[in-house]
Amino acid sequence: MTDAVLILEDGRTFRGRAYGATGATVGEIVFNTGMTGYQETLTDPSYHRQIVVMTAPHIGNTGVNDEDPESGRIWVAGFVVRDPARRPSNWRSERTLDEELAAQGVVGISDIDTRALTRHLRERGVMRGGIFSGEALLGADGSRLPDDVLLAAVQAAPAMQGADLAGEVSTSQAYVVEPLGADGAPLAEPVATVAAVDLGIKSMTPQRMAERGIRVHVLPSDATIDDVLATGADGVFFSNGPGDPAAATHEVELLRAVLDRRIPFFGICYGNQLLGRALGYGTYKLGYGHRGVNQPVVDRLTGKVEITAHNHGFAVDAPLDGESTAPHDGGRYGRVVVSHVNLNDDVVEGLSALDLPAFSVQYHPEAAAGPHDAAYLFDRFLELMHTTGAQKGADD
């Protein structure tokens, strides 16, 4: 077993064992409360440049397979667990989690008190951290580096605020996910066509739309309005993704071009924050964010409480009560309501435009991994596209 050290930017230090690759990694350190779904978490592009702490004590029990990843690689900057599984026990397992982390060069640490670490982050807020093991702990003369040298490396790491990261995780080439029928067989003709802007999209998201008969054109984050219109889209979708929404100027301008044309819009997670900014509302950084699969959210339209999957460190600053006029450009986008609210802390979890065909939620209705309470939102998007299309046809 190789020694490893985790150091937070405020100097708090945890000593444990190397898990996965050895070396050094730095990033914003956050915690995920999910009891399951570590493989989906690791491969979620929204975790780019973040070190993830799993609060569940036993990780790696089901190993790793090639069916569950949400993208083509692991995106987390580092991984922190308490008790890694000695060996996986699942019929779908193809290799151990430790082997997968090492193969992809992901530096991790195990055998630390993740409960104490999580409480520290809850009390003081997420911050930068670093994991160091193997030769990364040694100086040029082979002696152990003092902790203050490692701490300086952590404090030199870039902060998440102001980071524009969607372009670093987005696809470089557009691709199409074809529609499926109720029996899972391909459909000759889609029931609708969607242009999905990849800001860090999870593979399950276009799959959920394809299962409803939608043809999905997945576009890079630098797509233009001409690229969107060239797909013949009946609707536009903005995905989840990493970074500070205040830095996403191109994506916000693209979304305003969509809203100006009254093309139906649906956004999740980062897409919700970008809708908020396109409408003229602000965004802010949460103290420690929402990351896990057990966040209670109320849908104000139906009064239903949903248990939802989250992964976000920023939120929209919009009035919780009643209607408000979207602040951008003298209110040209009309009235907006906060459609969903987190029952733990009253954070805005969804927006709905009343004078435009646009809505969004802060959480993940595709829920990979997680509950399926919010899967109906894809149906709501399909209905919005059909209703808007019918209205345009009547107007013509």
# chains A, B, ... in the order shown; residues from 1 in each chain; ligands from 1
$ residues_around --residues "range 115-124 of chain A" --least-positions-apart "6" --cutoff "8 Å" --atoms "only C-alpha atoms" --output "list in words"
Val30, Phe31, Val53, Thr55, Gly287 and Tyr288 of chain A
$ write_last_selection --atoms "N, CA, C and O atoms" --output "tab-separated table (two decimals), in the first residue's frame"
chain	number	residue	atom	x	y	z
A	30	VAL	N	-15.34	18.43	-3.83
A	30	VAL	CA	-16.77	18.43	-3.56
A	30	VAL	C	-17.18	17.04	-3.07
A	30	VAL	O	-16.45	16.07	-3.25
A	31	PHE	N	-18.36	16.95	-2.45
A	31	PHE	CA	-18.82	15.64	-1.97
A	31	PHE	C	-20.12	15.24	-2.65
A	31	PHE	O	-20.96	16.08	-2.97
A	53	VAL	N	-15.51	13.50	-3.44
A	53	VAL	CA	-15.52	12.71	-2.21
A	53	VAL	C	-16.84	11.95	-2.16
A	53	VAL	O	-17.92	12.55	-2.23
A	55	THR	N	-19.53	10.11	0.00
A	55	THR	CA	-19.88	10.02	1.42
A	55	THR	C	-20.28	8.60	1.82
A	55	THR	O	-20.17	8.24	2.99
A	287	GLY	N	-22.68	27.32	-1.32
A	287	GLY	CA	-21.64	27.04	-0.34
A	287	GLY	C	-20.96	25.70	-0.56
A	287	GLY	O	-19.73	25.60	-0.56
A	288	TYR	N	-21.76	24.65	-0.73
A	288	TYR	CA	-21.16	23.34	-1.01
A	288	TYR	C	-21.92	22.57	-2.08
A	288	TYR	O	-21.62	21.41	-2.36
$ select_by_dssp --residues "range 11-73 of chain A" --states "alpha helix (DSSP H)" --output "PDB file with N, CA and C atoms, in the first residue's frame"
ATOM      1  N   TYR A  38     -21.480   5.176  -8.662  1.00  0.00           N
ATOM      2  CA  TYR A  38     -20.160   5.808  -8.716  1.00  0.00           C
ATOM      3  C   TYR A  38     -19.582   5.811 -10.130  1.00  0.00           C
ATOM      4  N   GLN A  39     -19.919   4.821 -10.947  1.00  0.00           N
ATOM      5  CA  GLN A  39     -19.371   4.796 -12.302  1.00  0.00           C
ATOM      6  C   GLN A  39     -19.954   5.926 -13.150  1.00  0.00           C
ATOM      7  N   GLU A  40     -21.259   6.190 -12.994  1.00  0.00           N
ATOM      8  CA  GLU A  40     -21.878   7.307 -13.703  1.00  0.00           C
ATOM      9  C   GLU A  40     -21.324   8.639 -13.212  1.00  0.00           C
ATOM     10  N   THR A  41     -21.066   8.735 -11.905  1.00  0.00           N
ATOM     11  CA  THR A  41     -20.486   9.952 -11.350  1.00  0.00           C
ATOM     12  C   THR A  41     -19.110  10.217 -11.940  1.00  0.00           C
ATOM     13  N   LEU A  42     -18.278   9.208 -11.966  1.00  0.00           N
ATOM     14  CA  LEU A  42     -16.916   9.373 -12.461  1.00  0.00           C
ATOM     15  C   LEU A  42     -16.883   9.835 -13.917  1.00  0.00           C
TER      16      LEU A  42
END
$ residues_around --residues "Tyr175 in chain A" --least-positions-apart "4" --cutoff "8 Å" --atoms "only C-alpha atoms" --output "ChimeraX atom specification"
/A:217-219
$ write_last_selection --atoms "all heavy atoms" --output "short mmCIF file (atom, residue, chain, number, x, y, z; two decimals), in the first residue's frame"
data_model
loop_
_atom_site.label_atom_id
_atom_site.label_comp_id
_atom_site.auth_asym_id
_atom_site.auth_seq_id
_atom_site.Cartn_x
_atom_site.Cartn_y
_atom_site.Cartn_z
N HIS A 217 -29.93 15.82 -32.71
CA HIS A 217 -28.67 16.29 -33.29
C HIS A 217 -27.85 16.89 -32.16
O HIS A 217 -28.19 17.96 -31.65
CB HIS A 217 -28.92 17.34 -34.36
CG HIS A 217 -29.59 16.82 -35.60
ND1 HIS A 217 -28.90 16.50 -36.75
CD2 HIS A 217 -30.91 16.56 -35.86
CE1 HIS A 217 -29.75 16.07 -37.66
NE2 HIS A 217 -30.97 16.10 -37.16
N VAL A 218 -26.78 16.21 -31.75
CA VAL A 218 -25.93 16.71 -30.67
C VAL A 218 -24.86 17.61 -31.30
O VAL A 218 -24.09 17.18 -32.16
CB VAL A 218 -25.29 15.57 -29.89
CG1 VAL A 218 -24.44 16.12 -28.74
CG2 VAL A 218 -26.36 14.63 -29.34
N LEU A 219 -24.83 18.88 -30.86
CA LEU A 219 -23.95 19.88 -31.44
C LEU A 219 -22.87 20.31 -30.45
O LEU A 219 -23.10 20.30 -29.24
CB LEU A 219 -24.76 21.12 -31.85
CG LEU A 219 -25.94 20.89 -32.79
CD1 LEU A 219 -26.64 22.22 -33.07
CD2 LEU A 219 -25.48 20.24 -34.10
#
$ residues_around --residues "Ser133 in chain A" --least-positions-apart "5" --cutoff "8 Å" --atoms "only C-alpha atoms" --output "JSON, numbers by chain"
{"A": [2, 3, 4, 5, 18, 22, 23, 24]}
$ write_last_selection --atoms "N, CA and C atoms" --output "tab-separated table (two decimals), in the first residue's frame"
chain	number	residue	atom	x	y	z
A	2	THR	N	0.56	2.21	-0.86
A	2	THR	CA	1.33	3.43	-1.00
A	2	THR	C	0.68	4.55	-0.22
A	3	ASP	N	1.46	5.30	0.52
A	3	ASP	CA	0.92	6.43	1.28
A	3	ASP	C	0.40	7.51	0.34
A	4	ALA	N	-0.63	8.22	0.79
A	4	ALA	CA	-1.20	9.35	0.04
A	4	ALA	C	-1.63	10.41	1.02
A	5	VAL	N	-1.64	11.66	0.55
A	5	VAL	CA	-2.04	12.80	1.38
A	5	VAL	C	-3.05	13.63	0.63
A	18	ALA	N	-2.97	5.39	-1.32
A	18	ALA	CA	-3.22	5.66	-2.73
A	18	ALA	C	-4.29	4.72	-3.25
A	22	THR	N	-1.15	6.71	-8.89
A	22	THR	CA	-0.36	7.52	-7.97
A	22	THR	C	0.14	8.76	-8.71
A	23	GLY	N	0.42	9.79	-7.97
A	23	GLY	CA	0.86	11.04	-8.58
A	23	GLY	C	0.28	12.22	-7.83
A	24	ALA	N	0.00	13.30	-8.55
A	24	ALA	CA	-0.55	14.52	-7.95
A	24	ALA	C	-1.72	15.01	-8.78
$ atom_distance --atom1 "CA of Arg261 in chain A" --atom2 "CA of Gly232 in chain A"
13.1 Å
$ atom_distance --atom1 "CA of Gly125 in chain A" --atom2 "CA of His290 in chain A"
11.9 Å
$ residues_around --residues "Met209 in chain A" --least-positions-apart "2" --cutoff "12 Å" --atoms "only C-alpha atoms" --output "VMD selection string"
chain A and resid 176 to 181 190 to 196 203 to 207 211 to 218 235 to 237 266 365 to 366 375 to 382
$ residues_around --residues "Met54 in chain A" --least-positions-apart "6" --cutoff "8 Å" --atoms "only C-alpha atoms" --output "list in words"
Phe31, Asn32, Thr33, Gly34, Phe79, Val80, Val81, Arg82 and Thr114 of chain A
$ write_last_selection --atoms "C-alpha atoms" --output "PDB file, in the first residue's frame"
ATOM      1  CA  PHE A  31     -18.824  15.642  -1.973  1.00  0.00           C
ATOM      2  CA  ASN A  32     -21.447  13.348  -3.505  1.00  0.00           C
ATOM      3  CA  THR A  33     -24.061  11.768  -1.239  1.00  0.00           C
ATOM      4  CA  GLY A  34     -25.155   9.033  -3.671  1.00  0.00           C
ATOM      5  CA  PHE A  79     -11.430  10.448  -6.226  1.00  0.00           C
ATOM      6  CA  VAL A  80     -11.737  10.123  -2.452  1.00  0.00           C
ATOM      7  CA  VAL A  81     -13.221   7.061  -0.694  1.00  0.00           C
ATOM      8  CA  ARG A  82     -13.178   5.607   2.765  1.00  0.00           C
ATOM      9  CA  THR A 114     -14.707  10.980   4.677  1.00  0.00           C
TER      10      THR A 114
END
$ select_by_dssp --residues "range 132-292 of chain A" --states "strand (DSSP E)" --output "number ranges by chain"
A: 132-133, 175-177, 192-197, 214-219, 235-238, 265-268, 282-292
$ closest_atom_pairs --of "range 269-303 of chain A" --to "range 316-326 of chain A" --cutoff "7 Å" --atoms "only C-alpha atoms" --output "JSON lines"
{"residue": "A:Gln273", "atom": "CA", "partner": "A:Val316", "partner_atom": "CA", "distance": 5.7}
{"residue": "A:Gly276", "atom": "CA", "partner": "A:Val316", "partner_atom": "CA", "distance": 6.1}
{"residue": "A:Leu279", "atom": "CA", "partner": "A:Ala326", "partner_atom": "CA", "distance": 5.2}
{"residue": "A:Gly280", "atom": "CA", "partner": "A:Ala326", "partner_atom": "CA", "distance": 5.9}
{"residue": "A:Tyr281", "atom": "CA", "partner": "A:Ala318", "partner_atom": "CA", "distance": 6.1}
{"residue": "A:Gly282", "atom": "CA", "partner": "A:Asp317", "partner_atom": "CA", "distance": 5.2}
{"residue": "A:Thr283", "atom": "CA", "partner": "A:Val316", "partner_atom": "CA", "distance": 4.4}
{"residue": "A:Tyr284", "atom": "CA", "partner": "A:Val316", "partner_atom": "CA", "distance": 6.6}
$ residues_around --residues "Ser46 in chain A" --least-positions-apart "2" --cutoff "7 Å" --atoms "only C-alpha atoms" --output "ChimeraX atom specification"
/A:44,48,200,240-242
$ write_last_selection --atoms "all heavy atoms" --output "PDB file, in the first residue's frame"
ATOM      1  N   ASP A  44     -19.258  11.540 -15.559  1.00  0.00           N
ATOM      2  CA  ASP A  44     -20.084  12.717 -15.820  1.00  0.00           C
ATOM      3  C   ASP A  44     -19.168  13.901 -16.105  1.00  0.00           C
ATOM      4  O   ASP A  44     -18.391  14.317 -15.250  1.00  0.00           O
ATOM      5  CB  ASP A  44     -20.961  13.000 -14.591  1.00  0.00           C
ATOM      6  CG  ASP A  44     -21.865  14.213 -14.774  1.00  0.00           C
ATOM      7  OD1 ASP A  44     -21.716  14.947 -15.772  1.00  0.00           O
ATOM      8  OD2 ASP A  44     -22.722  14.429 -13.886  1.00  0.00           O
ATOM      9  N   HIS A  48     -15.654  17.751 -14.370  1.00  0.00           N
ATOM     10  CA  HIS A  48     -14.344  18.159 -14.882  1.00  0.00           C
ATOM     11  C   HIS A  48     -13.693  19.165 -13.934  1.00  0.00           C
ATOM     12  O   HIS A  48     -14.334  20.122 -13.501  1.00  0.00           O
ATOM     13  CB  HIS A  48     -14.534  18.784 -16.267  1.00  0.00           C
ATOM     14  CG  HIS A  48     -13.291  19.286 -16.907  1.00  0.00           C
ATOM     15  ND1 HIS A  48     -12.107  18.579 -16.927  1.00  0.00           N
ATOM     16  CD2 HIS A  48     -13.037  20.452 -17.576  1.00  0.00           C
ATOM     17  CE1 HIS A  48     -11.181  19.271 -17.574  1.00  0.00           C
ATOM     18  NE2 HIS A  48     -11.713  20.413 -17.964  1.00  0.00           N
ATOM     19  N   GLY A 200     -21.455  19.274 -21.950  1.00  0.00           N
ATOM     20  CA  GLY A 200     -20.967  18.253 -21.039  1.00  0.00           C
ATOM     21  C   GLY A 200     -22.028  17.179 -20.896  1.00  0.00           C
ATOM     22  O   GLY A 200     -22.254  16.633 -19.827  1.00  0.00           O
ATOM     23  N   ASN A 240     -26.348  19.571 -19.209  1.00  0.00           N
ATOM     24  CA  ASN A 240     -25.520  19.817 -18.037  1.00  0.00           C
ATOM     25  C   ASN A 240     -24.093  20.110 -18.482  1.00  0.00           C
ATOM     26  O   ASN A 240     -23.732  19.930 -19.654  1.00  0.00           O
ATOM     27  CB  ASN A 240     -25.524  18.586 -17.128  1.00  0.00           C
ATOM     28  CG  ASN A 240     -24.995  17.357 -17.860  1.00  0.00           C
ATOM     29  OD1 ASN A 240     -25.651  16.849 -18.768  1.00  0.00           O
ATOM     30  ND2 ASN A 240     -23.820  16.893 -17.492  1.00  0.00           N
ATOM     31  N   GLY A 241     -23.254  20.537 -17.558  1.00  0.00           N
ATOM     32  CA  GLY A 241     -21.861  20.793 -17.884  1.00  0.00           C
ATOM     33  C   GLY A 241     -21.141  21.468 -16.737  1.00  0.00           C
ATOM     34  O   GLY A 241     -21.755  21.921 -15.767  1.00  0.00           O
ATOM     35  N   PRO A 242     -19.802  21.562 -16.832  1.00  0.00           N
ATOM     36  CA  PRO A 242     -19.000  22.158 -15.752  1.00  0.00           C
ATOM     37  C   PRO A 242     -18.794  23.654 -15.939  1.00  0.00           C
ATOM     38  O   PRO A 242     -19.034  24.207 -17.014  1.00  0.00           O
ATOM     39  CB  PRO A 242     -17.665  21.414 -15.903  1.00  0.00           C
ATOM     40  CG  PRO A 242     -17.552  21.213 -17.399  1.00  0.00           C
ATOM     41  CD  PRO A 242     -18.970  20.970 -17.889  1.00  0.00           C
TER      42      PRO A 242
END
$ closest_residue --among "A:Ala85, A:Val293, A:Ile74, A:Met1" --to "Thr62 in chain A" --atoms "only C-alpha atoms"
A:Ala85
$ decode --residues "range 359-380 of chain A" --atoms "N, CA and C atoms" --output "PDB file, in the first residue's frame"
ATOM      1  N   PHE A 359     -38.493  26.310 -20.816  1.00  0.00           N
ATOM      2  CA  PHE A 359     -38.452  25.935 -19.404  1.00  0.00           C
ATOM      3  C   PHE A 359     -37.162  25.173 -19.139  1.00  0.00           C
ATOM      4  N   SER A 360     -36.829  25.012 -17.861  1.00  0.00           N
ATOM      5  CA  SER A 360     -35.593  24.332 -17.487  1.00  0.00           C
ATOM      6  C   SER A 360     -35.697  23.842 -16.054  1.00  0.00           C
ATOM      7  N   VAL A 361     -34.835  22.873 -15.728  1.00  0.00           N
ATOM      8  CA  VAL A 361     -34.712  22.394 -14.350  1.00  0.00           C
ATOM      9  C   VAL A 361     -33.243  22.283 -14.004  1.00  0.00           C
ATOM     10  N   GLN A 362     -32.955  22.388 -12.711  1.00  0.00           N
ATOM     11  CA  GLN A 362     -31.575  22.372 -12.255  1.00  0.00           C
ATOM     12  C   GLN A 362     -31.043  20.958 -12.062  1.00  0.00           C
ATOM     13  N   TYR A 363     -31.912  19.975 -12.029  1.00  0.00           N
ATOM     14  CA  TYR A 363     -31.496  18.610 -11.721  1.00  0.00           C
ATOM     15  C   TYR A 363     -31.496  17.749 -12.983  1.00  0.00           C
ATOM     16  N   HIS A 364     -31.360  16.426 -12.807  1.00  0.00           N
ATOM     17  CA  HIS A 364     -31.143  15.516 -13.931  1.00  0.00           C
ATOM     18  C   HIS A 364     -32.325  14.564 -14.105  1.00  0.00           C
ATOM     19  N   PRO A 365     -33.250  14.867 -15.017  1.00  0.00           N
ATOM     20  CA  PRO A 365     -34.376  13.952 -15.214  1.00  0.00           C
ATOM     21  C   PRO A 365     -33.988  12.639 -15.869  1.00  0.00           C
ATOM     22  N   GLU A 366     -32.808  12.587 -16.517  1.00  0.00           N
ATOM     23  CA  GLU A 366     -32.377  11.307 -17.085  1.00  0.00           C
ATOM     24  C   GLU A 366     -31.898  10.362 -15.989  1.00  0.00           C
ATOM     25  N   ALA A 367     -31.513  10.926 -14.827  1.00  0.00           N
ATOM     26  CA  ALA A 367     -31.218  10.179 -13.607  1.00  0.00           C
ATOM     27  C   ALA A 367     -30.359   8.958 -13.840  1.00  0.00           C
ATOM     28  N   ALA A 368     -29.147   9.163 -14.277  1.00  0.00           N
ATOM     29  CA  ALA A 368     -28.211   8.063 -14.412  1.00  0.00           C
ATOM     30  C   ALA A 368     -26.959   8.416 -13.612  1.00  0.00           C
ATOM     31  N   ALA A 369     -26.775   7.896 -12.424  1.00  0.00           N
ATOM     32  CA  ALA A 369     -27.728   7.039 -11.707  1.00  0.00           C
ATOM     33  C   ALA A 369     -28.680   7.894 -10.873  1.00  0.00           C
ATOM     34  N   GLY A 370     -29.771   7.262 -10.434  1.00  0.00           N
ATOM     35  CA  GLY A 370     -30.681   7.999  -9.593  1.00  0.00           C
ATOM     36  C   GLY A 370     -32.126   7.632  -9.839  1.00  0.00           C
ATOM     37  N   PRO A 371     -33.058   8.317  -9.135  1.00  0.00           N
ATOM     38  CA  PRO A 371     -34.489   8.040  -9.262  1.00  0.00           C
ATOM     39  C   PRO A 371     -35.050   8.548 -10.578  1.00  0.00           C
ATOM     40  N   HIS A 372     -36.198   8.012 -10.974  1.00  0.00           N
ATOM     41  CA  HIS A 372     -36.826   8.362 -12.242  1.00  0.00           C
ATOM     42  C   HIS A 372     -38.051   9.253 -12.057  1.00  0.00           C
ATOM     43  N   ASP A 373     -38.152   9.921 -10.905  1.00  0.00           N
ATOM     44  CA  ASP A 373     -39.320  10.745 -10.603  1.00  0.00           C
ATOM     45  C   ASP A 373     -39.554  11.834 -11.633  1.00  0.00           C
ATOM     46  N   ALA A 374     -38.482  12.353 -12.237  1.00  0.00           N
ATOM     47  CA  ALA A 374     -38.607  13.523 -13.102  1.00  0.00           C
ATOM     48  C   ALA A 374     -38.542  13.185 -14.588  1.00  0.00           C
ATOM     49  N   ALA A 375     -38.670  11.921 -14.948  1.00  0.00           N
ATOM     50  CA  ALA A 375     -38.577  11.534 -16.371  1.00  0.00           C
ATOM     51  C   ALA A 375     -39.676  12.178 -17.209  1.00  0.00           C
ATOM     52  N   TYR A 376     -40.785  12.567 -16.577  1.00  0.00           N
ATOM     53  CA  TYR A 376     -41.906  13.178 -17.298  1.00  0.00           C
ATOM     54  C   TYR A 376     -41.521  14.494 -17.981  1.00  0.00           C
ATOM     55  N   LEU A 377     -40.406  15.091 -17.559  1.00  0.00           N
ATOM     56  CA  LEU A 377     -40.009  16.376 -18.141  1.00  0.00           C
ATOM     57  C   LEU A 377     -39.655  16.249 -19.618  1.00  0.00           C
ATOM     58  N   PHE A 378     -39.170  15.102 -20.034  1.00  0.00           N
ATOM     59  CA  PHE A 378     -38.932  14.890 -21.463  1.00  0.00           C
ATOM     60  C   PHE A 378     -40.256  14.843 -22.229  1.00  0.00           C
ATOM     61  N   ASP A 379     -41.284  14.272 -21.599  1.00  0.00           N
ATOM     62  CA  ASP A 379     -42.616  14.278 -22.213  1.00  0.00           C
ATOM     63  C   ASP A 379     -43.157  15.703 -22.290  1.00  0.00           C
ATOM     64  N   ARG A 380     -42.884  16.495 -21.258  1.00  0.00           N
ATOM     65  CA  ARG A 380     -43.340  17.885 -21.254  1.00  0.00           C
ATOM     66  C   ARG A 380     -42.661  18.664 -22.389  1.00  0.00           C
TER      67      ARG A 380
END
